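Report on one structure; see the data block that follows.
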Amino acid sequence: MTGLFELLGLGASAELLSLSGWGGNLLRGLANSLQIAFGAFGLGLVIGLFGAYGKLYGGKVTRDLLAIYTTVIRAVPELVLILILYYVGSDIINKISEAMGGGRVEINGVAAGIWVLGVVQGAYATEVLRGAIKAVPVGQIEAAKSYGMPAFMIMRRVTIPAMMSFAVPGLANLWLIATKDTALLAVVGFNELTLETRQAASSTRAYFTFFLAAGFLYLMVTLCSGAVFARVEKWARRGQPSLKGGAR
Amino acid sequence: MKLKALLAAATAAAALSAGAAAAEQVKIGIAAEPYPPFASLDSSGNWVGWEVEVIGAVCGAAELDCVITPVAWDGIIPSLTGQQIDAIMASMSITEERMKTIDFSDPYYNTPAVIVADKSMDIAPTPESLAGKIVGIQASTIHQAYAQEYFKDAELKVYQTQDEANQDLFAGRIDATQADSIAMADFVGSDTGSCCEIKGAVADDPAILGRGVGAGVRKGDDALREALNKGIAAILADGTHEKITAKYFTTSIY
Amino acid sequence: MISLKDLMQPHRIVMMLVFAGIVIWCAIALRWDWIPKYAPLALEGLWATVWILAVSTFFGFMLAVPLGLAQAVGPWYLSIPARTFCTIIRGTPLLLQIWLLYYGLGSLFPQFPWIRSSELWPYLRQAWPYAVLALTLSYAGYEGEVMRGAFSGVAKGQLEAAKSFGMPRFTMFRRIWLPQAVRNVLPTLGGETILQLKATPLVATITVMEIYAVSSRVRADTFIVYEPLLLLALVYMAIAGVIALAFRRLEKG
């Protein structure tokens with residue numbers, strides 16, 4: 001066993017990974033990754049909710065535009081989208097700011113990462129939420145309408161709570177994609193977990209130590225999120241007949 | 001959960017709009033990769049090295065409020081033109097090709113291009129000797145441009161960072177690499193670089209290899225270019241440049 | 001499929017005109033003079049992308065079948081390793097896996113000088129075997145999970161019927177179980193293959209010269225930022241479209 005450890009260059013791992021060593025860098029990278037994943041997931045949800053409503057109830061033009069948005073985003077690699085949105089995004093914002101007579105707008109890496117991944121997440125979230133809203137029995141929404149509820153209140157009090165149980169599995173999947181997609185920001189030089197890992201690995205030449213440590217951190221995020229989403233799903237399903245072992 | 005995510009998105013949006021106020025800082029872009037002895041990350045997350053110290057000294061002399069901003073090397077010029085950074089000080093050589101897109105300050109150091117290969121390999125820095133060999137180069141560098149022009153009979157492998165090319169030289173996946181002599185001297189002196197040695201400088205072609213390393217700025221950003229020139233001249237005149245160099249090298253690199 | 005009548009609605013005609021306008025503007029206002037020079041390289045890159053995609057999905061799927069089967073009905077000593085493999089692959093970023101394989105293994109080579117004289121060395125020193133391996137394992141990990149569901153989804157009665165006819169186990173698997181499971185996953189498989197296509201540019205980070213790497217080369221050589229990326233996005237959309245059509249054909253046939 002120790003032979004294998006030495007072979008993989010894991011001998012000095014404990015020292016390298018300590019918080020005063022490179023471990024601190026890795027954790028900082030993880031914090032950055034999670035921050036972006038949270039933001040992108042949130043932005044994606046907002047875009048997705050509007051997108052889903054637009055696709056279901058919007059006019060012809062809205063629906064076609066949204067179809068183009070979701071198709072393009074889901075066909076082009078995230079890496080390419082990140083490069084396009086990263087450079088285009090800051091260009092556009094600065095041009096607008098200059099046109100309005102303002103100065104240059106500074107865009108920090110986190111905001112840029114959230115914007116880029118959020119736009120990507122939005123396309124997938126649109127599809128997930130559209131499916132979930134469609135799964136809500138029409139009668140419930142019609143009943144709310146016949147009571148004279150305003151549209152926004154129907155959304156808030158009826159549609160969203162009722163669709164939650166259908167949406168949660170898809171959203172859980174999207175969240176996992178968000179956490180893993182943050183790794184792609186390494187390619188544009190953003191200091192998230194994967195880039196921190198590579199920098200640590202190439203500075204110390206302990207490739208296996210750091211790549212395995214980062215893999216472990218990502219895996220922990222995945223497993224913990226899985227546990228959290230299982231609880232959320234249970235909560236979203238409260239009051240509904242259990243799926244398991246139900247008589248048919 | 002959702003609320004938290006929404007909050008994060010909202011703060012991000014706020015950060016976007018609030019940033020406009022603090023536009024006075026000058027963002028100096030460096031490559032987000034270890035490039036010793038010029039710039040590398042230490043274990044507490046700080047950038048250190050010769051170039052990092054020079055950036056500090058130049059900005060101090062020019063009275064600029066600089067922040068070091070790491071970006072991906074192969075996107076460093078788009079980052080400059082896209083206004084994510086204000087200047088590039090990342091060992092970038094002043095070349096005709098780059099001058100079409102960006103402006104440069106006066107040079108602040110100079111380094112010839114060399115070929116590095118395994119000690120046991122009989123390789124000379126000439127196109128004939130490298131024919132049929134696998135040569136690793138970093139993307140978007142003068143070395144890529146040079147190798148594409150002169151080493152047409154070699155198989156070229158393009159890496160995002162020089163560090164990855166060095167790693168593959170160590171692993172034996174490439175036969176040779178072309179890079180800056182100073183960084184390579186540091187590499188062959190390290191543990192991983194002990195496999196290899198500098199085989200010599202390539203024949204000079206100033207049109208491709210440029211004339212020294214300077215700070216890149218956006219076209220027309222003359223105020224910043226002048227300020228950086230002033231700073232570079234000042235640290236060359238008062239001996240700061242020499243003092244920093246002595247900490248890292250045995251000979252002058254200007 | 002969209003019929004001609006669908007396309008001829010007034011708002012769609014307007015949108016198509018707007019789109020045509022954008023395309024014409026792009027053609028005139030942006031720089032495309034680099035295309036002739038890089039066309040041969042781009043074709044090679046395109047071929048590399050398609051080739052890596054085809055090989056990795058094929059072998060990935062071959063690997064996914066036993067992985068799915070082990071998880072669905074295998075004994076614990078098979079199902080636990082299979083599940084662990086799928087969890088690890090799905091729980092970590094592909095970029096990290098690629099770098100671990102390529103640079104991690106590469107860092108070990110110097111400790112074994114004999115590797116360089118072995119017959120495998122010509123492959124070990126190139127990048128594409130690592131790219132294919134990483135993408136194959138990744139596809140297997142995701143599809144193993146899908147196949148698990150597909151195998152569990154085949155009606156038990158059919159398998160019992162086959163058994164009662166005295167069908168040998170392997171014939172039963174080949175003739176009844178596998179075909180039904182595959183038919184069940186075909187719609188998912190099309191989407192998953194497009195996801196796999198979207199993962200291929202990551203191998204450019206380990207020096208594989210596929211279509212994304214070619215566009216990076218153009219950007220590095222010419223300092224043109226957007227045009228190569230826009231064209232690249234178009235190329236990927238075209239490939240994704242072909243994949244979607246092919247799977248639709250498969251589902252019908």
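Chain identifiers are assigned as A, B, and so on, following the order in which chains appear in the structure tokens; residues are numbered from 1 within each chain, and ligands are numbered from 1 in order of appearance.
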
Give one line per residue of chain A that approaches chain C to at most 7 Å, naming the two atoms of the closest pair and their distance in Å to one decimal, counting only C-alpha atoms; sort by chain then ascending residue number and deliver it as a tab-separated table.
residue	atom	partner	partner_atom	distance
A:Val61	CA	C:His11	CA	6.6
A:Ala75	CA	C:Met237	CA	5.3
A:Val76	CA	C:Ala233	CA	5.7
A:Pro77	CA	C:Lys198	CA	4.1
A:Glu78	CA	C:Lys198	CA	6.9
A:Val80	CA	C:Leu229	CA	6.8
A:Ile84	CA	C:Leu229	CA	6.7
A:Lys180	CA	C:Pro93	CA	4.9
A:Ala183	CA	C:Pro93	CA	6.5
A:Thr194	CA	C:Leu96	CA	6.7
A:Tyr207	CA	C:Gly104	CA	5.2
A:Phe208	CA	C:Gly104	CA	5.5
A:Phe211	CA	C:Leu100	CA	6.0
A:Gly215	CA	C:Thr92	CA	5.8
A:Tyr218	CA	C:Thr92	CA	5.5
A:Leu219	CA	C:Gly91	CA	5.0
A:Thr222	CA	C:Gly91	CA	5.6

- Filtered DSSP result for range 150-240 of chain C, state alpha helix (DSSP H), as number ranges by chain: C: 150-153, 156-164, 169-172, 178-199, 211-222, 226-240

Write the residues you've just listed into a file as an mmCIF file, in the first residue's frame, and include C-alpha atoms for each of them.
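So the final result, stored in again_22.cif, reads:
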data_model
loop_
_atom_site.group_PDB
_atom_site.id
_atom_site.type_symbol
_atom_site.label_atom_id
_atom_site.label_comp_id
_atom_site.auth_asym_id
_atom_site.auth_seq_id
_atom_site.Cartn_x
_atom_site.Cartn_y
_atom_site.Cartn_z
ATOM 1 C CA ALA C 150 -33.862 0.513 -18.891
ATOM 2 C CA PHE C 151 -33.043 -3.028 -17.753
ATOM 3 C CA SER C 152 -35.236 -2.683 -14.672
ATOM 4 C CA GLY C 153 -38.003 -1.317 -16.880
ATOM 5 C CA LYS C 156 -40.739 -9.203 -15.685
ATOM 6 C CA GLY C 157 -43.453 -11.318 -17.258
ATOM 7 C CA GLN C 158 -41.633 -11.421 -20.587
ATOM 8 C CA LEU C 159 -38.461 -12.688 -18.985
ATOM 9 C CA GLU C 160 -40.402 -15.283 -17.027
ATOM 10 C CA ALA C 161 -42.156 -16.397 -20.207
ATOM 11 C CA ALA C 162 -38.825 -16.789 -21.984
ATOM 12 C CA LYS C 163 -37.493 -18.766 -19.051
ATOM 13 C CA SER C 164 -40.454 -21.082 -19.030
ATOM 14 C CA ARG C 169 -29.990 -17.167 -20.246
ATOM 15 C CA PHE C 170 -27.727 -15.562 -22.820
ATOM 16 C CA THR C 171 -30.257 -15.999 -25.648
ATOM 17 C CA MET C 172 -32.888 -14.497 -23.396
ATOM 18 C CA LEU C 178 -31.337 -6.102 -24.476
ATOM 19 C CA PRO C 179 -33.439 -5.143 -27.535
ATOM 20 C CA GLN C 180 -36.268 -3.868 -25.362
ATOM 21 C CA ALA C 181 -33.960 -1.986 -23.038
ATOM 22 C CA VAL C 182 -32.207 -0.376 -26.013
ATOM 23 C CA ARG C 183 -35.498 0.612 -27.597
ATOM 24 C CA ASN C 184 -36.567 2.182 -24.312
ATOM 25 C CA VAL C 185 -33.439 4.293 -24.055
ATOM 26 C CA LEU C 186 -33.187 5.378 -27.710
ATOM 27 C CA PRO C 187 -34.951 8.733 -27.180
ATOM 28 C CA THR C 188 -32.653 9.479 -24.208
ATOM 29 C CA LEU C 189 -29.616 8.241 -26.102
ATOM 30 C CA GLY C 190 -29.978 10.899 -28.821
ATOM 31 C CA GLY C 191 -29.889 13.654 -26.216
ATOM 32 C CA GLU C 192 -26.992 11.998 -24.393
ATOM 33 C CA THR C 193 -24.989 11.743 -27.611
ATOM 34 C CA ILE C 194 -25.461 15.470 -28.205
ATOM 35 C CA LEU C 195 -24.240 16.046 -24.633
ATOM 36 C CA GLN C 196 -21.222 13.910 -25.511
ATOM 37 C CA LEU C 197 -20.612 16.054 -28.612
ATOM 38 C CA LYS C 198 -20.659 19.107 -26.352
ATOM 39 C CA ALA C 199 -18.007 17.481 -24.177
ATOM 40 C CA ILE C 211 -12.391 21.518 -34.457
ATOM 41 C CA TYR C 212 -12.405 23.610 -31.275
ATOM 42 C CA ALA C 213 -8.603 23.592 -31.183
ATOM 43 C CA VAL C 214 -8.547 24.742 -34.807
ATOM 44 C CA SER C 215 -10.733 27.712 -33.930
ATOM 45 C CA SER C 216 -8.401 28.534 -31.021
ATOM 46 C CA ARG C 217 -5.478 28.396 -33.430
ATOM 47 C CA VAL C 218 -7.243 30.839 -35.771
ATOM 48 C CA ARG C 219 -7.942 33.149 -32.851
ATOM 49 C CA ALA C 220 -4.316 32.981 -31.731
ATOM 50 C CA ASP C 221 -2.873 33.533 -35.210
ATOM 51 C CA THR C 222 -5.147 36.316 -36.371
ATOM 52 C CA TYR C 226 -15.725 36.441 -32.430
ATOM 53 C CA GLU C 227 -15.845 35.201 -35.997
ATOM 54 C CA PRO C 228 -14.134 31.814 -35.448
ATOM 55 C CA LEU C 229 -16.292 31.228 -32.369
ATOM 56 C CA LEU C 230 -19.516 32.040 -34.216
ATOM 57 C CA LEU C 231 -18.609 29.719 -37.056
ATOM 58 C CA LEU C 232 -17.638 27.064 -34.522
ATOM 59 C CA ALA C 233 -21.016 27.362 -32.792
ATOM 60 C CA LEU C 234 -22.671 26.914 -36.191
ATOM 61 C CA VAL C 235 -20.609 23.791 -36.897
ATOM 62 C CA TYR C 236 -21.610 22.228 -33.575
ATOM 63 C CA MET C 237 -25.258 23.053 -34.199
ATOM 64 C CA ALA C 238 -25.048 21.341 -37.578
ATOM 65 C CA ILE C 239 -23.498 18.199 -36.053
ATOM 66 C CA ALA C 240 -26.093 18.207 -33.261
#

- Query: In terms of the shortest atom-to-atom distance over only C-alpha atoms, which of A:Leu85, A:Ala144, A:Ile114, A:Val158 is closest to chain B?
  - Reply: A:Ile114

- Query: Of the candidates C:Gly21, C:Pro110, C:Pro66, C:Pro36, which shows the shortest atom-to-atom distance to chain B, using only C-alpha atoms?
  - Reply: C:Pro110

For Tyr35 in chain B: contacts at 8 Å, only C-alpha atoms, fewer than 2 positions along chain excluded, given as a PDB file with N, CA and C atoms, in the first residue's frame:
ATOM      1  N   GLU B  33      -1.244  31.130 -14.771  1.00  0.00           N
ATOM      2  CA  GLU B  33      -0.507  29.870 -14.789  1.00  0.00           C
ATOM      3  C   GLU B  33       0.858  30.119 -14.159  1.00  0.00           C
ATOM      4  N   PRO B  37      10.631  32.073 -13.323  1.00  0.00           N
ATOM      5  CA  PRO B  37      10.634  32.848 -12.073  1.00  0.00           C
ATOM      6  C   PRO B  37       9.909  34.180 -12.211  1.00  0.00           C
ATOM      7  N   PHE B  38       9.098  34.351 -13.260  1.00  0.00           N
ATOM      8  CA  PHE B  38       8.475  35.652 -13.482  1.00  0.00           C
ATOM      9  C   PHE B  38       7.207  35.841 -12.662  1.00  0.00           C
ATOM     10  N   ALA B  39       6.335  34.862 -12.705  1.00  0.00           N
ATOM     11  CA  ALA B  39       5.104  34.956 -11.928  1.00  0.00           C
ATOM     12  C   ALA B  39       4.638  33.554 -11.587  1.00  0.00           C
ATOM     13  N   SER B  40       4.473  33.280 -10.317  1.00  0.00           N
ATOM     14  CA  SER B  40       3.885  31.998  -9.938  1.00  0.00           C
ATOM     15  C   SER B  40       3.146  32.186  -8.627  1.00  0.00           C
ATOM     16  N   GLN B 162       2.852  27.070 -21.024  1.00  0.00           N
ATOM     17  CA  GLN B 162       4.191  26.514 -21.203  1.00  0.00           C
ATOM     18  C   GLN B 162       4.436  25.416 -20.175  1.00  0.00           C
ATOM     19  N   ASP B 163       3.798  25.587 -19.010  1.00  0.00           N
ATOM     20  CA  ASP B 163       3.975  24.610 -17.947  1.00  0.00           C
ATOM     21  C   ASP B 163       3.535  23.210 -18.384  1.00  0.00           C
ATOM     22  N   ALA B 183      12.939  31.641 -18.568  1.00  0.00           N
ATOM     23  CA  ALA B 183      12.005  30.710 -17.927  1.00  0.00           C
ATOM     24  C   ALA B 183      12.512  29.282 -18.061  1.00  0.00           C
TER      25      ALA B 183
END

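Considering the residues A:Ser13, A:Thr209, A:Asn32, A:Ser202 and counting only C-alpha atoms, chain B has its shortest atom-to-atom contact with A:Ser202.
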